[in-house]
Each structure stands twice: as structure tokens, then as C-alpha cells.
Amino acid sequence: MSTSDFDDDLFRPTLTRHDDAVGMHRPWSPGALVIVSFFFGLAAAGPLLALNYGRLGRRGSVAPTMTLVILLALAAMVASFAFLSSRAWEPDDDERFWYRTLGRVFSLVVCGAIAWHQSKRYRMAQFLGEPSGKLLKPVILALLIGGGSSLMIWFLGMKYLDAPTPF
Amino acid sequence: MTMHEQSPKAYSAAIEKIEHLLEIERWKLAEQEVLSLLAEGTTPELLVLLARCRFGREDWDGARVEAKRALELDPEDIDAHTVLAAACIQLGQHRRAETHLLEALRIDPLDVRALYFYSGLMLRTGHLEKAEKLVRRALALDAMHSPSHGLLARILSEKKKRGEALAAGKTSVRLAANEEHSHANLGASYLESGHPFLARRHLREAVRLDPSNTAVLECYLFADRACRVLFLPFYYWSLLVDRLPGKQFAVWGGFLALCLVILPALGAEGIGRSIFLVYVLVCLYTWVASPLTSLWIRMRPPK
């Protein structure tokens, strides 16, 4: 080996500003938030994932992600209103089940993608010895806010658009 | 005139003494010695030693400041670049650390310590391919560098090459049987390859050699937890799930597909109910295993 080896790829800079582990403070586990999305949906887990960017030291990503998840949650509701309103009959139990499963898969895909994007920084935080944040209280709060607003929108949809309930 | 210029022999003896103090991790004593030498005159070497003392005491910012001062006196000092990079890594300033490590490697591309630190930085930031290439290059230059073998074990564990990771970890222990890092890395490799009892043995040894290392202590406590009968099935279950693409979601997806699609299609819904029951029991176990083991550990702490 000689100094002529110096100019190979190994000695070129690899890291970008996203690789710096500064400004991290008790991040939540992205994997745990995906599990939250499975049980409580996008409206509850999405905002927590957006806030988690701040805890992972990427405050600039909080607002765009928050906007994205709120828009996607609303879009999913509008799509389901449109679908259910177009039906001439009430969905039976099987249809309701598949409808809920589809909603869960949608939540999982969206939250899974965001969590995958956060996993690298979360790993860095663990290497730095930064402890993980506790999720119980934020999840309860998100459930109350996200779930409550979803129920309100459903209620309005059922009242004014005559959509049947999927629950 | 500095001591270095006045009496080179006495200066060398003093440096040797400081190096020894650093080796046995007497950071404060080493720092006092360095400060007394610095009172007679400043050299880049002394500033680097001071930075190493501060680094040993986990004063990352102090280490960074002293290494920077050393670089102001000698911008080509590889040790100063390396210590500065190590401090930056601890402060999470990974890009700055990379800049200094690349500078050190520009000065001397064959510097094993710089290659080792750069590989560690790549491991931290998730660039595993580059981390492996760098540490293998370090080992090609010095096959007896035990920290590099240990680091290779960690990288290979991350890459799920568990057999190779164990081999590298064992080489590290063979080369430096009295070093905490060797036992810690081998223990971690054992833990990730499904040998919790061997892992506990090596991690206990690592804790004995360096009781102040909290990361190793945490790893030992986890290994001890994995060895408890109540937690053992959960540990193996976690290892199994960890190997699946998609991890726990693969289990959920498989379970849902089996119960909702495959078994109804085969007309075996009775079996589906049994599988559902087993699955619920497994879920219940995974939820209670950890708190119950914690309770057990509180009653019978690890030796």
C-alpha cells in the first residue's frame, strides 16, 4: 500500500449535514410509533412521527411532515367518504373488517416510510447514548386529539354527506 | 527555552510517565503532570496529551479545545487531528470529525489509528460497507491491532454476518486478553449470535477490567437478563424476528395472511382459531416477560 492509494473512494468525504448527531433530545423509537400507527391509525401516530424529527435534531422537517400526515389522513377520510357514499347499501361486517384493514395498511405504509427515514438518526442517537423518550403520555394525548378529530370528521360526514359508519 | 530544548532526556522520561498514566487510565494524575510540563513551555505534543487526558475524563469540549490549540502550533500533527476527531464524534459533530480524519489520512494514509477511528465513525453513521473496508485496510497494515479486530466484529454483527463477527471477536480477545474492549466486542457478538451465556461471561470480564464503562455495563446487564429462564425464550424470539425482513411486521403480516386468507381458503377455520389462541399467548408472554424479569432481577441482582 502506498500514498497513491489515497485518492480512492475510501478517502473521499461521505457524510452530509444530515449525518451530524447534534440537537438530539430523547427521541421516540420510530419502530414503536409504527406499532402505534397499527393500533391507533395515521391521525394518532403521524403527528408524533412528525414531532419526532425535532427530537432527532431535524427541526426543519417537523412542519413539512406534520402537513403531509395531516393532508394524507384527511385525504384517506375523504376517499373513504366518497367510497362509502357511493354505496347504495350499508356495509356488512366483512366489508367493515376489510375496510378497517385497508385503513391500517395505509397507516402502516405511510408511518413505516417516515419511520424508515428516521431510523438512521435514531440509531445515531443510540450510539451517542441518548436515552429514548417515553411514549405513553404522548400516545394517549395523540389518541385523544387525533382520534377525537377523526371521530368528529366522521360524525360530520355521516350527518351531512350521509356516509355510513365503517366502525 | 522549554524543557524539551533544555533537557530532552528528562522531557522524554516525563512523556513516558504520562503515557503510562494514560494507559492505566489515571487521567487526573496524567493531566497534572502535563500541566506542570506546560508551565515550562508549550509544545503540540503536550497539548495533544492534555487533550487525551480531557478526553479520558469525558470532557469532550475540553479535549476539542486543546487538540485545536495543538493544531494551531502544528497543522500536520496526526495525533491532534485524531484526538480532535474523536472529541467531535463524542459531540455528535460527525462531519467535522470526518474532515479531521481525512486530513490525518492525507498526511499519512497508512496511519492505523486514523483508519480505525474513521471506520468507527462510519459504523456510527450507518455506512457499514465503508466502515468494513476501512477497518480491513487498518488490519492489512497491522494485523495485530486488536481494537480493529474488535471493531470488525461489531461491523460484521451489524451486517448480520454473525459467524465472521465471532471469529473477529475471538481474534481480538486472543491478541489482547486483558483489554476491556476485546471482551466487550466478543460478548456483544455472542449476544447477537444467540449465545447469551458466553456473552455474559465475556461482558462480565469486560466490566471487571473497566467498571467505569457504562455502555459495557448496560450490555452486561442485558446479557444477564437474557440468561434468565423467564427471559430466554423472549431473547431467542427477538433474535428470530430480527432476522426476518420487516421484523415484527412480517410476523403480523404472516399471521393475518394465515388466519384471514390461507386457512379460510383451505376450509380449516378450526385450526385458525387454535393458531390465533397460540399467537395471543405468545403476545401476552412477550408483554409480560420483560417486567417480570425486571422484578426477578430486583430480587436476585446479577453477581
# chains A, B, ... in the order shown; residues from 1 in each chain; ligands from 1
>>> interface_residues(of="chain B", to="chain A", cutoff="9 Å", atoms="only C-alpha atoms", output="list in words")
Ile89, Gln90, Leu91, Gly92, Gln93, His94, Arg95, Arg96, Glu98, Thr99, Leu102, Leu105, Arg106, Asp108, Pro109, Leu110, Met122, Arg124, Thr125, Gly126, His127, Lys130, Lys133, Leu134, Leu141, Ala215 and Phe249 of chain B
>>> residues_around(residues="Glu31 in chain B", least_positions_apart="2", cutoff="8 Å", atoms="only C-alpha atoms", output="list in words")
Trp27, Lys28, Leu29, Glu33, Val34, Leu35, Leu50, Cys53 and Arg54 of chain B
>>> write_last_selection(atoms="N, CA and C atoms", output="JSON list (two decimals), in the first residue's frame")
[["chain", "number", "residue", "atom", "x", "y", "z"],
["B", 27, "TRP", "N", -6.36, 9.56, 34.63],
["B", 27, "TRP", "CA", -6.49, 10.79, 33.83],
["B", 27, "TRP", "C", -6.09, 12.03, 34.60],
["B", 28, "LYS", "N", -6.55, 12.14, 35.83],
["B", 28, "LYS", "CA", -6.32, 13.37, 36.60],
["B", 28, "LYS", "C", -4.82, 13.55, 36.90],
["B", 29, "LEU", "N", -4.21, 12.43, 37.28],
["B", 29, "LEU", "CA", -2.77, 12.47, 37.60],
["B", 29, "LEU", "C", -1.97, 12.83, 36.34],
["B", 33, "GLU", "N", 0.49, 16.16, 35.55],
["B", 33, "GLU", "CA", 1.87, 16.07, 35.02],
["B", 33, "GLU", "C", 2.01, 16.92, 33.76],
["B", 34, "VAL", "N", 1.01, 16.82, 32.89],
["B", 34, "VAL", "CA", 1.06, 17.58, 31.63],
["B", 34, "VAL", "C", 1.05, 19.07, 31.93],
["B", 35, "LEU", "N", 0.19, 19.48, 32.86],
["B", 35, "LEU", "CA", 0.07, 20.91, 33.17],
["B", 35, "LEU", "C", 1.37, 21.45, 33.76],
["B", 50, "LEU", "N", -2.62, 16.60, 26.77],
["B", 50, "LEU", "CA", -3.65, 17.24, 27.61],
["B", 50, "LEU", "C", -5.04, 16.95, 27.05],
["B", 53, "CYS", "N", -5.99, 13.54, 28.03],
["B", 53, "CYS", "CA", -6.42, 13.49, 29.45],
["B", 53, "CYS", "C", -7.87, 13.95, 29.56],
["B", 54, "ARG", "N", -8.18, 15.07, 28.89],
["B", 54, "ARG", "CA", -9.54, 15.61, 28.97],
["B", 54, "ARG", "C", -10.52, 14.62, 28.35]]
>>> residues_around(residues="Ser61 in chain A", least_positions_apart="5", cutoff="12 Å", atoms="only C-alpha atoms", output="MDAnalysis selection string")
chainID A and resid 18 47 49:56 66:68 114 117:118
>>> residues_around(residues="Arg162 in chain B", least_positions_apart="5", cutoff="7 Å", atoms="only C-alpha atoms", output="ChimeraX atom specification")
/B:156-157,193
>>> write_last_selection(atoms="N, CA and C atoms", output="mmCIF file, in the first residue's frame")
data_model
loop_
_atom_site.group_PDB
_atom_site.id
_atom_site.type_symbol
_atom_site.label_atom_id
_atom_site.label_comp_id
_atom_site.auth_asym_id
_atom_site.auth_seq_id
_atom_site.Cartn_x
_atom_site.Cartn_y
_atom_site.Cartn_z
ATOM 1 N N LEU B 156 -19.395 -6.479 11.504
ATOM 2 C CA LEU B 156 -19.950 -7.705 10.920
ATOM 3 C C LEU B 156 -21.231 -8.131 11.640
ATOM 4 N N SER B 157 -21.294 -7.875 12.945
ATOM 5 C CA SER B 157 -22.539 -8.158 13.686
ATOM 6 C C SER B 157 -23.674 -7.311 13.134
ATOM 7 N N SER B 193 -25.445 -13.456 18.304
ATOM 8 C CA SER B 193 -25.477 -14.715 17.560
ATOM 9 C C SER B 193 -26.155 -15.820 18.359
#
>>> residues_around(residues="His183 in chain B", least_positions_apart="5", cutoff="8 Å", atoms="only C-alpha atoms", output="PyMOL selection string")
chain B and resi 169+173+177+202-203+205-206
>>> atom_distance(atom1="CA of Leu186 in chain B", atom2="CA of Leu152 in chain B")
10.5 Å
>>> residues_around(residues="range 273-283 of chain B", least_positions_apart="2", cutoff="10 Å", atoms="only C-alpha atoms", output="short mmCIF file (atom, residue, chain, number, x, y, z; two decimals) with C-alpha atoms, in the first residue's frame")
data_model
loop_
_atom_site.label_atom_id
_atom_site.label_comp_id
_atom_site.auth_asym_id
_atom_site.auth_seq_id
_atom_site.Cartn_x
_atom_site.Cartn_y
_atom_site.Cartn_z
CA PHE B 234 -38.16 -13.90 24.51
CA TRP B 237 -37.83 -14.92 19.74
CA TRP B 252 -48.08 -9.82 11.92
CA PHE B 255 -50.30 -14.25 10.96
CA LEU B 256 -53.01 -12.17 9.29
CA LEU B 258 -52.63 -17.29 7.55
CA CYS B 259 -55.76 -16.66 9.61
CA LEU B 263 -56.85 -21.16 6.37
CA ALA B 268 -59.54 -25.12 8.13
CA GLU B 269 -61.00 -22.39 10.30
CA GLY B 270 -60.79 -24.59 13.42
CA ILE B 271 -57.00 -24.70 13.10
CA TYR B 285 -45.74 -13.65 27.08
CA THR B 286 -43.74 -11.04 25.14
CA TRP B 287 -45.57 -8.27 27.01
CA VAL B 288 -45.03 -9.70 30.50
CA ALA B 289 -41.57 -11.30 30.06
#
>>> residues_around(residues="Arg154 in chain B", least_positions_apart="5", cutoff="7 Å", atoms="only C-alpha atoms", output="PyMOL selection string")
chain B and resi 165+185+189
>>> closest_residue(among="A:Ala113, A:Val105, A:Met77, A:Leu48", to="Pro27 in chain A", atoms="only C-alpha atoms")
A:Leu48
>>> select_by_dssp(residues="range 17-143 of chain A", states="helix (DSSP H, G or I)", output="PyMOL selection string")
chain A and resi 17-19+30-40+42-55+59-85+93-128+136-143
>>> closest_residue(among="B:Val207, B:Glu164, B:Arg52, B:Phe117", to="Leu221 in chain B", atoms="only C-alpha atoms")
B:Val207
